[in-house]
Structures are given as structure tokens and as C-alpha cells.
file upload38.pdb (PDB, C-alpha atoms and all ligand atoms)
ATOM      1  CA  MET A   1     -14.321  14.681  12.973  1.00  0.00           C
ATOM      2  CA  GLY A   2     -11.302  12.377  12.682  1.00  0.00           C
ATOM      3  CA  VAL A   3     -10.423   9.988   9.917  1.00  0.00           C
ATOM      4  CA  GLN A   4     -11.893   6.511   9.761  1.00  0.00           C
ATOM      5  CA  LYS A   5      -9.656   3.836  11.313  1.00  0.00           C
ATOM      6  CA  LEU A   6      -9.179   0.353   9.945  1.00  0.00           C
ATOM      7  CA  ASP A   7     -10.525  -2.208  12.431  1.00  0.00           C
ATOM      8  CA  ARG A   8      -7.408  -3.713  14.050  1.00  0.00           C
ATOM      9  CA  ASN A   9      -6.920  -4.944  17.611  1.00  0.00           C
ATOM     10  CA  PHE A  10      -4.509  -3.504  20.174  1.00  0.00           C
ATOM     11  CA  PHE A  11      -1.819  -6.150  19.702  1.00  0.00           C
ATOM     12  CA  GLN A  12      -1.938  -5.867  15.921  1.00  0.00           C
ATOM     13  CA  ARG A  13      -1.390  -2.124  16.374  1.00  0.00           C
ATOM     14  CA  LEU A  14       1.295  -2.531  19.024  1.00  0.00           C
ATOM     15  CA  PHE A  15       3.359  -4.988  16.992  1.00  0.00           C
ATOM     16  CA  GLY A  16       2.647  -3.324  13.660  1.00  0.00           C
ATOM     17  CA  ILE A  17       0.972  -6.324  12.050  1.00  0.00           C
ATOM     18  CA  CYS A  18      -0.607  -5.019   8.881  1.00  0.00           C
ATOM     19  CA  ALA A  19      -3.783  -6.404   7.315  1.00  0.00           C
ATOM     20  CA  THR A  20      -2.428  -6.440   3.760  1.00  0.00           C
ATOM     21  CA  ARG A  21      -0.981  -9.722   2.522  1.00  0.00           C
ATOM     22  CA  LYS A  22       1.849 -10.609   0.177  1.00  0.00           C
ATOM     23  CA  PRO A  23       0.952 -12.054  -3.244  1.00  0.00           C
ATOM     24  CA  SER A  24      -0.337 -15.623  -3.120  1.00  0.00           C
ATOM     25  CA  GLN A  25       1.089 -16.303  -6.599  1.00  0.00           C
ATOM     26  CA  GLN A  26       4.755 -15.470  -7.126  1.00  0.00           C
ATOM     27  CA  GLU A  27       4.271 -15.430 -10.899  1.00  0.00           C
ATOM     28  CA  GLY A  28       1.996 -12.428 -10.477  1.00  0.00           C
ATOM     29  CA  TRP A  29       4.888  -9.986 -10.348  1.00  0.00           C
ATOM     30  CA  LYS A  30       8.481  -9.461 -11.395  1.00  0.00           C
ATOM     31  CA  VAL A  31      11.177  -6.824 -11.144  1.00  0.00           C
ATOM     32  CA  ALA A  32      13.451  -5.417 -13.842  1.00  0.00           C
ATOM     33  CA  GLY A  33      15.709  -2.594 -12.748  1.00  0.00           C
ATOM     34  CA  ARG A  34      13.539   0.060 -11.167  1.00  0.00           C
ATOM     35  CA  LYS A  35      10.294  -1.301 -12.584  1.00  0.00           C
ATOM     36  CA  ILE A  36       7.846  -3.755 -11.036  1.00  0.00           C
ATOM     37  CA  SER A  37       5.472  -5.510 -13.431  1.00  0.00           C
ATOM     38  CA  ILE A  38       2.224  -6.956 -12.125  1.00  0.00           C
ATOM     39  CA  ASP A  39      -0.014  -9.354 -14.036  1.00  0.00           C
ATOM     40  CA  LEU A  40      -3.507  -8.612 -12.737  1.00  0.00           C
ATOM     41  CA  ASN A  41      -4.685 -12.027 -13.946  1.00  0.00           C
ATOM     42  CA  ALA A  42      -2.295 -13.603 -11.443  1.00  0.00           C
ATOM     43  CA  MET A  43      -2.844 -11.124  -8.636  1.00  0.00           C
ATOM     44  CA  PRO A  44      -6.234 -11.897  -7.060  1.00  0.00           C
ATOM     45  CA  GLU A  45      -5.311  -9.689  -4.087  1.00  0.00           C
ATOM     46  CA  LEU A  46      -5.961  -6.619  -6.288  1.00  0.00           C
ATOM     47  CA  LYS A  47      -9.310  -7.717  -7.699  1.00  0.00           C
ATOM     48  CA  ASP A  48     -11.656  -5.425  -5.764  1.00  0.00           C
ATOM     49  CA  ASN A  49     -11.729  -1.681  -5.211  1.00  0.00           C
ATOM     50  CA  GLY A  50     -10.216  -1.024  -1.787  1.00  0.00           C
ATOM     51  CA  SER A  51      -7.935  -4.078  -1.974  1.00  0.00           C
ATOM     52  CA  ALA A  52      -4.138  -4.109  -1.766  1.00  0.00           C
ATOM     53  CA  VAL A  53      -1.024  -6.257  -1.828  1.00  0.00           C
ATOM     54  CA  ARG A  54       2.456  -5.956  -0.293  1.00  0.00           C
ATOM     55  CA  ILE A  55       5.330  -6.328  -2.723  1.00  0.00           C
ATOM     56  CA  GLU A  56       8.649  -7.161  -1.036  1.00  0.00           C
ATOM     57  CA  GLY A  57      11.883  -8.994  -1.803  1.00  0.00           C
ATOM     58  CA  LYS A  58      13.062  -9.971  -5.318  1.00  0.00           C
ATOM     59  CA  ASP A  59      15.782  -7.290  -5.320  1.00  0.00           C
ATOM     60  CA  ILE A  60      13.472  -4.448  -4.287  1.00  0.00           C
ATOM     61  CA  GLU A  61      15.214  -2.108  -1.849  1.00  0.00           C
ATOM     62  CA  GLU A  62      12.040  -0.846  -0.191  1.00  0.00           C
ATOM     63  CA  PRO A  63       8.690  -2.595   0.282  1.00  0.00           C
ATOM     64  CA  VAL A  64       5.867  -1.337  -1.909  1.00  0.00           C
ATOM     65  CA  LEU A  65       2.142  -1.182  -1.165  1.00  0.00           C
ATOM     66  CA  VAL A  66      -0.058  -1.481  -4.251  1.00  0.00           C
ATOM     67  CA  VAL A  67      -3.690  -0.431  -3.828  1.00  0.00           C
ATOM     68  CA  HIS A  68      -6.678  -0.903  -6.128  1.00  0.00           C
ATOM     69  CA  GLY A  69      -8.285   2.317  -5.073  1.00  0.00           C
ATOM     70  CA  ASP A  70     -11.841   3.258  -4.315  1.00  0.00           C
ATOM     71  CA  ASP A  71     -11.507   5.445  -7.414  1.00  0.00           C
ATOM     72  CA  GLY A  72     -10.881   2.352  -9.561  1.00  0.00           C
ATOM     73  CA  ALA A  73      -7.272   3.362 -10.272  1.00  0.00           C
ATOM     74  CA  TYR A  74      -4.139   1.604  -9.029  1.00  0.00           C
ATOM     75  CA  HIS A  75      -1.777   3.389  -6.647  1.00  0.00           C
ATOM     76  CA  ALA A  76       1.654   2.445  -5.326  1.00  0.00           C
ATOM     77  CA  PHE A  77       3.439   3.714  -2.233  1.00  0.00           C
ATOM     78  CA  ARG A  78       6.706   3.167  -0.419  1.00  0.00           C
ATOM     79  CA  ASN A  79       5.353   0.889   2.281  1.00  0.00           C
ATOM     80  CA  ARG A  80       6.951   2.635   5.238  1.00  0.00           C
ATOM     81  CA  CYS A  81       5.149   5.173   7.369  1.00  0.00           C
ATOM     82  CA  THR A  82       7.130   8.389   7.693  1.00  0.00           C
ATOM     83  CA  HIS A  83       6.702   8.252  11.470  1.00  0.00           C
ATOM     84  CA  GLY A  84       8.236   4.929  12.523  1.00  0.00           C
ATOM     85  CA  LYS A  85       8.524   3.042   9.222  1.00  0.00           C
ATOM     86  CA  ARG A  86       5.661   0.650   9.917  1.00  0.00           C
ATOM     87  CA  ALA A  87       3.669  -0.746   6.987  1.00  0.00           C
ATOM     88  CA  LEU A  88       0.400   0.654   5.671  1.00  0.00           C
ATOM     89  CA  ASP A  89      -3.029  -0.656   4.719  1.00  0.00           C
ATOM     90  CA  PRO A  90      -5.820   0.847   2.639  1.00  0.00           C
ATOM     91  CA  VAL A  91      -8.976   1.877   4.494  1.00  0.00           C
ATOM     92  CA  PRO A  92     -11.681   0.768   2.053  1.00  0.00           C
ATOM     93  CA  GLY A  93     -14.309   3.343   1.217  1.00  0.00           C
ATOM     94  CA  THR A  94     -12.191   6.321   2.320  1.00  0.00           C
ATOM     95  CA  SER A  95      -9.594   6.703  -0.475  1.00  0.00           C
ATOM     96  CA  THR A  96      -6.839   6.648   2.150  1.00  0.00           C
ATOM     97  CA  VAL A  97      -3.975   4.454   3.316  1.00  0.00           C
ATOM     98  CA  GLN A  98      -3.185   4.150   7.000  1.00  0.00           C
ATOM     99  CA  CYS A  99      -0.242   3.105   9.125  1.00  0.00           C
ATOM    100  CA  CYS A 100      -0.840  -0.233  10.840  1.00  0.00           C
ATOM    101  CA  SER A 101       0.782   0.974  14.067  1.00  0.00           C
ATOM    102  CA  VAL A 102      -0.761   2.654  17.102  1.00  0.00           C
ATOM    103  CA  GLY A 103      -0.287   6.136  15.632  1.00  0.00           C
ATOM    104  CA  THR A 104      -2.486   5.312  12.597  1.00  0.00           C
ATOM    105  CA  SER A 105      -1.026   8.078  10.449  1.00  0.00           C
ATOM    106  CA  THR A 106      -3.364   8.405   7.486  1.00  0.00           C
ATOM    107  CA  PHE A 107      -2.536   9.569   3.965  1.00  0.00           C
ATOM    108  CA  ASN A 108      -4.372  10.479   0.769  1.00  0.00           C
ATOM    109  CA  TYR A 109      -3.656   8.564  -2.435  1.00  0.00           C
ATOM    110  CA  ASP A 110      -1.345  11.439  -3.454  1.00  0.00           C
ATOM    111  CA  GLY A 111       0.774  10.644  -0.381  1.00  0.00           C
ATOM    112  CA  SER A 112      -0.185  13.763   1.575  1.00  0.00           C
ATOM    113  CA  LEU A 113      -0.622  13.362   5.310  1.00  0.00           C
ATOM    114  CA  ILE A 114      -4.170  13.825   6.606  1.00  0.00           C
ATOM    115  CA  GLU A 115      -3.737  12.968  10.261  1.00  0.00           C
ATOM    116  CA  GLY A 116      -1.267  11.386  12.669  1.00  0.00           C
ATOM    117  CA  PRO A 117       2.299  11.732  13.929  1.00  0.00           C
ATOM    118  CA  ALA A 118       4.019  10.997  10.592  1.00  0.00           C
ATOM    119  CA  LYS A 119       6.758  13.450   9.689  1.00  0.00           C
ATOM    120  CA  GLY A 120       5.767  14.031   6.094  1.00  0.00           C
ATOM    121  CA  PRO A 121       4.135  12.638   2.978  1.00  0.00           C
ATOM    122  CA  LEU A 122       4.461   9.093   1.728  1.00  0.00           C
ATOM    123  CA  ALA A 123       6.520   8.428  -1.370  1.00  0.00           C
ATOM    124  CA  VAL A 124       4.159   7.665  -4.250  1.00  0.00           C
ATOM    125  CA  TYR A 125       5.261   5.731  -7.333  1.00  0.00           C
ATOM    126  CA  GLU A 126       3.959   6.102 -10.846  1.00  0.00           C
ATOM    127  CA  VAL A 127       1.659   3.286 -11.975  1.00  0.00           C
ATOM    128  CA  ASP A 128       0.901   2.680 -15.654  1.00  0.00           C
ATOM    129  CA  ARG A 129      -1.777   0.242 -16.774  1.00  0.00           C
ATOM    130  CA  ALA A 130      -1.808  -1.504 -20.128  1.00  0.00           C
ATOM    131  CA  GLY A 131      -4.599  -4.052 -20.346  1.00  0.00           C
ATOM    132  CA  GLU A 132      -4.134  -6.457 -17.453  1.00  0.00           C
ATOM    133  CA  SER A 133      -0.561  -5.362 -16.738  1.00  0.00           C
ATOM    134  CA  LEU A 134       0.617  -2.741 -14.296  1.00  0.00           C
ATOM    135  CA  THR A 135       4.070  -1.180 -14.384  1.00  0.00           C
ATOM    136  CA  ILE A 136       5.278   0.594 -11.264  1.00  0.00           C
ATOM    137  CA  THR A 137       8.307   2.843 -11.640  1.00  0.00           C
ATOM    138  CA  LEU A 138      10.324   3.109  -8.433  1.00  0.00           C
TER     139      LEU A 138
HETATM  140  S1  LIG A 201       4.902   4.288  12.539  1.00  0.00           S
HETATM  141 FE1  LIG A 201       3.193   5.054  11.509  1.00  0.00          FE
HETATM  142  S2  LIG A 201       2.206   6.329  12.917  1.00  0.00           S
HETATM  143 FE2  LIG A 201       3.939   5.596  13.978  1.00  0.00          FE
END
call {"tool": "encode", "arguments": {"input": "upload38.pdb", "output": "C-alpha cells"}}
result
Amino acid sequence: MGVQKLDRNFFQRLFGICATRKPSQQEGWKVAGRKISIDLNAMPELKDNGSAVRIEGKDIEEPVLVVHGDDGAYHAFRNRCTHGKRALDPVPGTSTVQCCSVGTSTFNYDGSLIEGPAKGPLAVYEVDRAGESLTITL
């Protein structure tokens, strides 16, 4: 039995259009050196288990995918598939993240590859929670 696929249409897969959005409130996150701070009170995208947000720009070298996992914990990944560098999305209810491209490489929260043409594991970043603040160390 294969892994569960996120419901995306052919063109979304072909052009690598991911489902995960950028933050709607810019004040919800900031960068200092190699640390990203997220204020969960200003990040509605991470409210529910299985939700996620794309963090890009603001002097970050690589895009980051932040997931509020099915396990209730927060997880952060380098948001580039190790096959063709496309972005990833969580697949709610499966504790996995999946490439948005046609190959749908799928990874565990620890970054290990479950299925797909990806060449290796995803880079996983440490996430520390203190109250309503997350700190991601790149
Ligand atoms: S870029 Fe991710 S599977 Fe091809």
C-alpha cells in the first residue's frame, strides 16, 4: 500500500504549486542570525494540527516549511525536495510532508524518505517552544 497523496490537480503538480501559504501577517515572524522567531498569536496559519506555513525572504537563505504536526508538536524543514527542489506540504492525518510536484516524494517528520524519487532525507531544523513563541534554529 502506498502513501496517502495530498489532493492536488495535474497542473498544480506539473508546475509545482504548493498548497501551503505564506504568513498573512508579517509581524508573525522575524529573523535574527540563524534563528527564526514565530509568534503563534500572529500566525493563524499554524492554528490547527496538520496545518503549515511557508517562511521565505527576510534574509533567509533557504525557504522553510513550518508544520503544526498531527502529533501536536511543531516541525520545521528546509522547504526544498531533495529530488528537484520543489516545495513541500503536510498531508494532514498522516504525520508526513510531501513534495508538491509530480513525483510526490513523501517524508516523515524526522526528514526520512518514505517514498518517491527524492535523493535523500529532508533537512530538519530544531524547533523550541516557549509559551506562544517558537524558535527555529537554522
Ligand atoms: S521535486 Fe520532489 S519529487 Fe521531484
call {"tool": "closest_atom_pairs", "arguments": {"input": "upload38.pdb", "of": "chain A", "to": "ligand LIG 201 (chain A)", "cutoff": "6 Å", "atoms": "all atoms listed in the file", "output": "Markdown table"}}
result
| residue | atom | partner | partner_atom | distance |
| --- | --- | --- | --- | --- |
| A:Cys81 | CA | A:LIG201 | FE1 | 4.6 |
| A:His83 | CA | A:LIG201 | S1 | 4.5 |
| A:Gly84 | CA | A:LIG201 | S1 | 3.4 |
| A:Lys85 | CA | A:LIG201 | S1 | 5.1 |
| A:Arg86 | CA | A:LIG201 | S1 | 4.5 |
| A:Cys99 | CA | A:LIG201 | FE1 | 4.6 |
| A:Ser101 | CA | A:LIG201 | FE1 | 5.4 |
| A:Gly103 | CA | A:LIG201 | S2 | 3.7 |
| A:Thr104 | CA | A:LIG201 | S2 | 4.8 |
| A:Ser105 | CA | A:LIG201 | S2 | 4.4 |
| A:Pro117 | CA | A:LIG201 | S2 | 5.5 |
| A:Ala118 | CA | A:LIG201 | S2 | 5.5 |
call {"tool": "closest_residue", "arguments": {"input": "upload38.pdb", "among": "A:Lys35, A:Arg129, A:Arg8, A:Lys58", "to": "Thr20 (chain A)", "atoms": "all atoms listed in the file"}}
result
A:Arg8
call {"tool": "residues_around", "arguments": {"input": "upload38.pdb", "residues": "Gly57 (chain A)", "least_positions_apart": "6", "cutoff": "12 Å", "atoms": "all atoms listed in the file", "output": "PDB file with C-alpha atoms, keeping the file's coordinate frame"}}
result
ATOM      1  CA  LYS A  22       1.849 -10.609   0.177  1.00  0.00           C
ATOM      2  CA  PRO A  23       0.952 -12.054  -3.244  1.00  0.00           C
ATOM      3  CA  GLN A  26       4.755 -15.470  -7.126  1.00  0.00           C
ATOM      4  CA  TRP A  29       4.888  -9.986 -10.348  1.00  0.00           C
ATOM      5  CA  LYS A  30       8.481  -9.461 -11.395  1.00  0.00           C
ATOM      6  CA  VAL A  31      11.177  -6.824 -11.144  1.00  0.00           C
ATOM      7  CA  ILE A  36       7.846  -3.755 -11.036  1.00  0.00           C
ATOM      8  CA  PRO A  63       8.690  -2.595   0.282  1.00  0.00           C
ATOM      9  CA  VAL A  64       5.867  -1.337  -1.909  1.00  0.00           C
TER      10      VAL A  64
END
call {"tool": "atom_distance", "arguments": {"input": "upload38.pdb", "atom1": "CA of Tyr74 (chain A)", "atom2": "CA of Asn9 (chain A)"}}
result
27.6 Å
call {"tool": "closest_residue", "arguments": {"input": "upload38.pdb", "among": "A:Val3, A:Leu46, A:Ala19, A:Ala87", "to": "Glu62 (chain A)", "atoms": "all atoms listed in the file"}}
result
A:Ala87
call {"tool": "closest_residue", "arguments": {"input": "upload38.pdb", "among": "A:Val67, A:Ile38, A:Val97, A:Ala73", "to": "Ile136 (chain A)", "atoms": "all atoms listed in the file"}}
result
A:Ile38
call {"tool": "closest_residue", "arguments": {"input": "upload38.pdb", "among": "A:Thr96, A:Val127, A:Arg13, A:Asn49", "to": "Ile114 (chain A)", "atoms": "all atoms listed in the file"}}
result
A:Thr96
call {"tool": "resolve_selection", "arguments": {"input": "upload38.pdb", "expression": "the PyMOL selection byres (((chain A and resi 44) around 12) and not hetatm)", "output": "list in words"}}
result
Arg21, Lys22, Pro23, Ser24, Gln25, Gln26, Glu27, Gly28, Trp29, Ile38, Asp39, Leu40, Asn41, Ala42, Met43, Glu45, Leu46, Lys47, Asp48, Asn49, Ser51, Ala52, Val53, His68 and Glu132 of chain A
call {"tool": "atom_distance", "arguments": {"input": "upload38.pdb", "atom1": "CA of Gly120 (chain A)", "atom2": "CA of Cys100 (chain A)"}}
result
16.4 Å
call {"tool": "closest_residue", "arguments": {"input": "upload38.pdb", "among": "A:Leu6, A:Ile55, A:Ala123, A:Leu138", "to": "Arg78 (chain A)", "atoms": "all atoms listed in the file"}}
result
A:Ala123
call {"tool": "atom_distance", "arguments": {"input": "upload38.pdb", "atom1": "CA of Asp70 (chain A)", "atom2": "CA of Ala130 (chain A)"}}
result
19.3 Å
call {"tool": "closest_residue", "arguments": {"input": "upload38.pdb", "among": "A:Val91, A:Val124, A:Leu113, A:Leu134", "to": "Leu65 (chain A)", "atoms": "all atoms listed in the file"}}
result
A:Val124
call {"tool": "decode", "arguments": {"input": "upload38.pdb", "residues": "region 112-126 of chain A", "atoms": "N, CA and C atoms", "output": "mmCIF file, in the first residue's frame"}}
result
data_model
loop_
_atom_site.group_PDB
_atom_site.id
_atom_site.type_symbol
_atom_site.label_atom_id
_atom_site.label_comp_id
_atom_site.auth_asym_id
_atom_site.auth_seq_id
_atom_site.Cartn_x
_atom_site.Cartn_y
_atom_site.Cartn_z
ATOM 1 N N SER A 112 13.128 11.617 7.148
ATOM 2 C CA SER A 112 13.467 10.411 6.388
ATOM 3 C C SER A 112 12.491 10.207 5.236
ATOM 4 N N LEU A 113 13.024 9.715 4.141
ATOM 5 C CA LEU A 113 12.223 9.492 2.937
ATOM 6 C C LEU A 113 11.409 8.216 3.080
ATOM 7 N N ILE A 114 10.117 8.304 2.804
ATOM 8 C CA ILE A 114 9.243 7.126 2.844
ATOM 9 C C ILE A 114 9.065 6.557 1.439
ATOM 10 N N GLU A 115 8.827 7.463 0.490
ATOM 11 C CA GLU A 115 8.511 7.008 -0.861
ATOM 12 C C GLU A 115 8.775 8.142 -1.843
ATOM 13 N N GLY A 116 9.180 7.783 -3.065
ATOM 14 C CA GLY A 116 9.346 8.781 -4.112
ATOM 15 C C GLY A 116 10.775 8.856 -4.606
ATOM 16 N N PRO A 117 10.993 9.678 -5.646
ATOM 17 C CA PRO A 117 12.294 9.746 -6.304
ATOM 18 C C PRO A 117 13.335 10.630 -5.611
ATOM 19 N N ALA A 118 13.014 11.216 -4.482
ATOM 20 C CA ALA A 118 13.965 12.092 -3.788
ATOM 21 C C ALA A 118 15.271 11.348 -3.509
ATOM 22 N N LYS A 119 16.349 12.123 -3.472
ATOM 23 C CA LYS A 119 17.683 11.515 -3.367
ATOM 24 C C LYS A 119 18.116 11.277 -1.927
ATOM 25 N N GLY A 120 17.385 11.780 -0.982
ATOM 26 C CA GLY A 120 17.794 11.596 0.405
ATOM 27 C C GLY A 120 16.826 12.278 1.336
ATOM 28 N N PRO A 121 17.185 12.331 2.621
ATOM 29 C CA PRO A 121 16.273 12.919 3.606
ATOM 30 C C PRO A 121 16.183 14.434 3.463
ATOM 31 N N LEU A 122 15.129 14.964 4.038
ATOM 32 C CA LEU A 122 14.960 16.418 4.130
ATOM 33 C C LEU A 122 15.764 16.942 5.302
ATOM 34 N N ALA A 123 16.281 18.146 5.174
ATOM 35 C CA ALA A 123 16.910 18.792 6.331
ATOM 36 C C ALA A 123 15.814 19.216 7.303
ATOM 37 N N VAL A 124 16.014 18.860 8.558
ATOM 38 C CA VAL A 124 15.055 19.185 9.625
ATOM 39 C C VAL A 124 15.727 20.165 10.571
ATOM 40 N N TYR A 125 15.005 21.195 10.980
ATOM 41 C CA TYR A 125 15.548 22.195 11.897
ATOM 42 C C TYR A 125 14.946 22.015 13.287
ATOM 43 N N GLU A 126 15.740 22.373 14.268
ATOM 44 C CA GLU A 126 15.276 22.289 15.650
ATOM 45 C C GLU A 126 14.234 23.378 15.911
#
